[in-house]
Structures are given as C-alpha cells and as structure tokens.
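What follows is a set of notes on a single structure, which appears directly below.
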Amino acid sequence: MEQADSQYAQAQLAQLKTDYQVEAVADWEEDGGEWKPGTWAKAELEKLHNAIALMAGLMGGNEKFVHHIGGVTVRKADIGSHGGEALAHRVSLSTKGTFSSWTVVHEFAHAWDANHGWKLSRQLEKYTGGFTNPFLSLMKRMARLSDSGFLNPEQKPGRYGRRPGCNRAGYFYGDRPSGSNWSFNRLEDFAESIAMYSGWGRNNDLSEWAEARIKRYLLENMASDKNFGVDNWTDYARYFYPDGGDYTKTKRWQFVDDLVCGRLQVS
Ligand SMILES: [Zn+2]
C-alpha cells in the first residue's frame, strides 16, 4: 500500500471513529518504511463507510446511530462460509472474497438488536404477527405439511424449507418477509428487514438487491434466477410477494419505519 493510501485509510478510520463510534481494526503495519497492505482494501473501507452513513441517515443522524448501536469494532476475519457475524459492539466480515454493502447493513442490524438485548427482533416478530414454536414446527413436519425434509432442508426446488415454521428455529414468520430459508429466525428476520428497508426504492448500493429479492416471485416455478437459482417461485409468492409488488405495504417496512422514526417504544 502506498503512503497516500495509508494516509487515506487512516483518515477514513479516524472519521468512522469520530462520526459513528465504529472502530475498524487496522491490520496493516509499517515494515521498514513500506506500508504492508492489510486485509482492508481502500474500496472496502469506502463500502463500509457508505453503508454506515446510509444507516445513520435513515436513523436521523450520526448521534442517533451511536445511540442505537452503541459503538462497534469491525474486523475482517476467517469466519467460514457466511459473509458476516455480529454480537453487541462487534461485527466480523469475511476475508473470503469481498463483502457486500448488504452484508454490512445486515451485520450492523444484528449489532443494533444485540445492543438492545435482542429485544428489537422480538418486537418485530410480535409486530408482524409471527411466533416461534419448535413443537408446532415438528408437528408440521410430521404431518408432511413442511416444504423440507424431516430434520433438514432438501437440496432441491420447493424443498429448502421456506414456509412459515419450516426452519431449524420453528419460526412462524407473520405477514410477508422478503424470503426465508432453513436458517431463518427472528434475528435474521430483523437484520434482513433492516437491509430491505435501507435499500427498497432508494437508489443506493442495496436497492438492486432489494428489488431482486421481491421480483424473483414473479418467475414461473422452476425458472432460474441469476442470483437465487431455481425454485418454485410462483408457489412461494403467496408467502413473500407483497401487495402489488410494493414492499412498503408490508408490516416489516412499517415496523422499521416506525423504529427509525422513533414511533416505537424501544425497551
Ligand atoms: Zn444474520
């Protein structure tokens, strides 16, 4: 990394810290006068910064962002196959390939939820009319009402476990999320709802993906989507496609809007 780049990176890091209480762990070091590149590329720092600024803007400013999330350390780490991980005050982004803006917002949403003792996702679950019941989920699978195998999803269209309650957690989502899979639960629902809200109809880094997540349900069964592969899209539309294709008509969009505009009592 050239001197100019390291200066640029340091300025970016300092600004993240001052404006958002976000500490991106710097892992480059000076080596005999030469700057050794770390795992953060310049483009990645920019992407991180933009995604955080986007969230802060939706929340109503930097102070609100700091108040909601309460300070975070971000690091890049080898965390296996998924793009990110988050706990209160800690976000990890994968070193395998690069991360997307969507992942940044998704992981910061988890950190936000965690900073409130995971109560935000409970509020979302309640607001959207969902519930978590592993026993009922088991019954549903025993009665063969599930779109999955008995203990696992099957790796074929229409059998990935997307229907309400047909997932590991026994999460019966209410209203219409933008998608579901075997790993779906109220925490993932909250993080995805924040990302959908951040992108939907706004013309930013997340907007194309947000739109693609909804548009896939207009496809025929067994059609192949370039991002999401083959599935029984038409059959799933009743669970995921919003009224008139307008995501702002969903309870999730309304919940996040109420949350960021301060209309919800947050415990
Ligand atoms: Zn997640």
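Here, A, B, ... name the chains of the structure tokens in the order displayed, residue numbers run from 1 inside each chain, and ligands are numbered from 1 in the same displayed order.
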
request  = Taking only C-alpha atoms and all ligand atoms into account, report as number ranges by chain which residues have an atom no farther than 9 Å from an atom of ligand 1.
outcome  = A: 82-86, 103, 106-107, 109-110, 184, 187-192

Could you build a table of the residues in stretch 86-138 of chain A lying no more than 9 Å from stretch 198-220 of chain A, giving for each the nearest pair of atoms and their separation in Å rounded to one decimal place, using only C-alpha atoms, ordered by chain and ascending residue number, as CSV?
residue,atom,partner,partner_atom,distance
A:Ser100,CA,A:Leu206,CA,8.7
A:Ser101,CA,A:Asp205,CA,6.4
A:Trp102,CA,A:Leu206,CA,5.7
A:Val105,CA,A:Ser198,CA,8.1

Restricted to N, CA, C and O atoms, what would the selected residues look like written as a short mmCIF file (atom, residue, chain, number, x, y, z; two decimals), in the first residue's frame?
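The result, written out as selection-v5.cif:
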data_model
loop_
_atom_site.label_atom_id
_atom_site.label_comp_id
_atom_site.auth_asym_id
_atom_site.auth_seq_id
_atom_site.Cartn_x
_atom_site.Cartn_y
_atom_site.Cartn_z
N SER A 100 -20.45 -7.47 0.76
CA SER A 100 -21.34 -6.54 0.07
C SER A 100 -21.86 -5.49 1.05
O SER A 100 -21.79 -5.66 2.27
N SER A 101 -22.37 -4.40 0.51
CA SER A 101 -22.99 -3.37 1.34
C SER A 101 -24.16 -3.95 2.11
O SER A 101 -24.44 -3.58 3.24
N TRP A 102 -24.86 -4.89 1.43
CA TRP A 102 -25.99 -5.57 2.06
C TRP A 102 -25.55 -6.26 3.36
O TRP A 102 -26.19 -6.16 4.40
N VAL A 105 -24.88 -3.79 6.27
CA VAL A 105 -26.11 -3.31 6.92
C VAL A 105 -26.74 -4.45 7.73
O VAL A 105 -27.17 -4.25 8.87
#

message = So that I can check the secondary structure, give me every residue of stretch 192-239 of chain A assigned strand (DSSP E or B) by backbone DSSP, as a list in words.
response =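 DSSP on the backbone gives strand (DSSP E or B) at Asn221, Met222, Ala223, Ser224, Asp225, Gly229, Val230, Asp231 and Asn232 of chain A.
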
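Each of A:Pro134, A:Ser6, A:Ile79, A:Phe108 was compared to A:Ser94 using only C-alpha atoms, and A:Ile79 turns out to be the nearest.
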
Can you write out as a tab-separated table which residues of stretch 46-135 of chain A fall within 12 Å of stretch 153-168 of chain A, alongside each residue's closest atom pair and its distance in Å to one decimal, counting only C-alpha atoms and ordering rows by chain and ascending residue number?
residue	atom	partner	partner_atom	distance
A:Gly129	CA	A:Pro164	CA	11.6
A:Gly130	CA	A:Pro164	CA	8.8
A:Phe131	CA	A:Gly165	CA	8.7
A:Thr132	CA	A:Gly165	CA	7.6
A:Asn133	CA	A:Gly165	CA	7.6
A:Pro134	CA	A:Gly165	CA	7.8
A:Phe135	CA	A:Gly165	CA	9.8

Based on the selection just made, write C-alpha atoms of those residues as a PDB file, in the first residue's frame.
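Heads up, here's the output in again_9.pdb:
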ATOM      1  CA  GLY A 129     -47.816 -11.403  13.847  1.00  0.00           C
ATOM      2  CA  GLY A 130     -45.195 -14.155  13.952  1.00  0.00           C
ATOM      3  CA  PHE A 131     -44.191 -16.579  16.706  1.00  0.00           C
ATOM      4  CA  THR A 132     -41.564 -19.212  17.462  1.00  0.00           C
ATOM      5  CA  ASN A 133     -42.752 -22.718  18.332  1.00  0.00           C
ATOM      6  CA  PRO A 134     -40.374 -25.647  17.744  1.00  0.00           C
ATOM      7  CA  PHE A 135     -43.001 -28.181  18.838  1.00  0.00           C
TER       8      PHE A 135
END

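Omitting stretch 253-265 of chain A and its sequence neighbours fewer than 5 positions away, and counting only C-alpha atoms, the residues within 10 Å are Met55, Ala56, Gly57, Leu58, Met59, Gly60, Lys64, Phe65, His68, Leu120, Gln123, Leu124, Glu125, Tyr127, Thr128, Arg176, Pro177, Phe190, Ser193, Ile194, Ala195, Met196, Tyr197, Ser198, Trp200, Tyr247 and Thr248 of chain A.
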
Store the residues picked out above in a file with C-alpha atoms, as a PDB file, in the first residue's frame.
ATOM      1  CA  MET A  55     -27.878   3.635   8.048  1.00  0.00           C
ATOM      2  CA  ALA A  56     -27.108   6.773  10.043  1.00  0.00           C
ATOM      3  CA  GLY A  57     -29.026   8.852   7.501  1.00  0.00           C
ATOM      4  CA  LEU A  58     -32.092   6.624   7.794  1.00  0.00           C
ATOM      5  CA  MET A  59     -31.883   6.760  11.588  1.00  0.00           C
ATOM      6  CA  GLY A  60     -31.848  10.550  11.527  1.00  0.00           C
ATOM      7  CA  LYS A  64     -28.881   8.527  16.624  1.00  0.00           C
ATOM      8  CA  PHE A  65     -26.669   5.876  15.046  1.00  0.00           C
ATOM      9  CA  HIS A  68     -28.835   2.921  18.740  1.00  0.00           C
ATOM     10  CA  LEU A 120     -35.821  -5.466  18.726  1.00  0.00           C
ATOM     11  CA  GLN A 123     -40.677  -6.677  18.782  1.00  0.00           C
ATOM     12  CA  LEU A 124     -40.528  -7.275  15.032  1.00  0.00           C
ATOM     13  CA  GLU A 125     -41.796 -10.829  15.485  1.00  0.00           C
ATOM     14  CA  TYR A 127     -45.473  -6.589  15.278  1.00  0.00           C
ATOM     15  CA  THR A 128     -45.635  -8.758  12.170  1.00  0.00           C
ATOM     16  CA  ARG A 176     -44.519 -11.238   4.278  1.00  0.00           C
ATOM     17  CA  PRO A 177     -40.763 -11.271   4.697  1.00  0.00           C
ATOM     18  CA  PHE A 190     -34.794  -8.331  11.845  1.00  0.00           C
ATOM     19  CA  SER A 193     -35.835  -6.307   7.336  1.00  0.00           C
ATOM     20  CA  ILE A 194     -33.382  -3.503   8.119  1.00  0.00           C
ATOM     21  CA  ALA A 195     -31.447  -4.248   4.927  1.00  0.00           C
ATOM     22  CA  MET A 196     -34.643  -4.379   2.831  1.00  0.00           C
ATOM     23  CA  TYR A 197     -35.835  -1.082   4.302  1.00  0.00           C
ATOM     24  CA  SER A 198     -32.440   0.509   3.688  1.00  0.00           C
ATOM     25  CA  TRP A 200     -36.047  -0.564  -1.118  1.00  0.00           C
ATOM     26  CA  TYR A 247     -42.523  -3.698  -0.212  1.00  0.00           C
ATOM     27  CA  THR A 248     -43.599  -0.510   1.613  1.00  0.00           C
TER      28      THR A 248
END

Nearby residues (only C-alpha atoms) at most 12 Å from A:Gln12, same-chain spacing under 2 positions excluded, as a PyMOL selection string = chain A and resi 5-10+14-20+22-26+40-50

ask   = Looking at A:Asn185, A:Thr250, A:Leu13, A:Gly229, which one is nearest to A:Ser121, with distances taken over only C-alpha atoms?
value = A:Asn185

Selected residue, from A:Gln21, A:Ser146, A:Asn181, A:Thr98, that lies nearest to A:Thr73 when counting only C-alpha atoms =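 Smallest separation from A:Thr73 among the options: A:Gln21.
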
ask   = Rounded to one decimal in Å, what is the spacing between atom CA of A:Trp118 and atom CA of A:Arg186?
value =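 Atom CA of A:Trp118 sits 9.4 Å away from atom CA of A:Arg186.
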
request  = Taking the DSSP assignment computed from this structure's backbone, write out as a PyMOL selection string all residues of stretch 9-219 of chain A that belong to alpha helix (DSSP H).
outcome  = chain A and resi 9-20+42-59+62-69+101-115+119-127+134-142+186-199+207-215

ask   = With only C-alpha atoms as the basis for distance, which of A:Ala11, A:Leu151, A:Ala111, A:Ala169 is at the shortest distance from A:Leu87?
value =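 Of all the options, A:Ala111 lies closest to A:Leu87.
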
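Going from atom CA of A:Leu54 over to atom CA of A:Ser180, you cover 24.9 Å.
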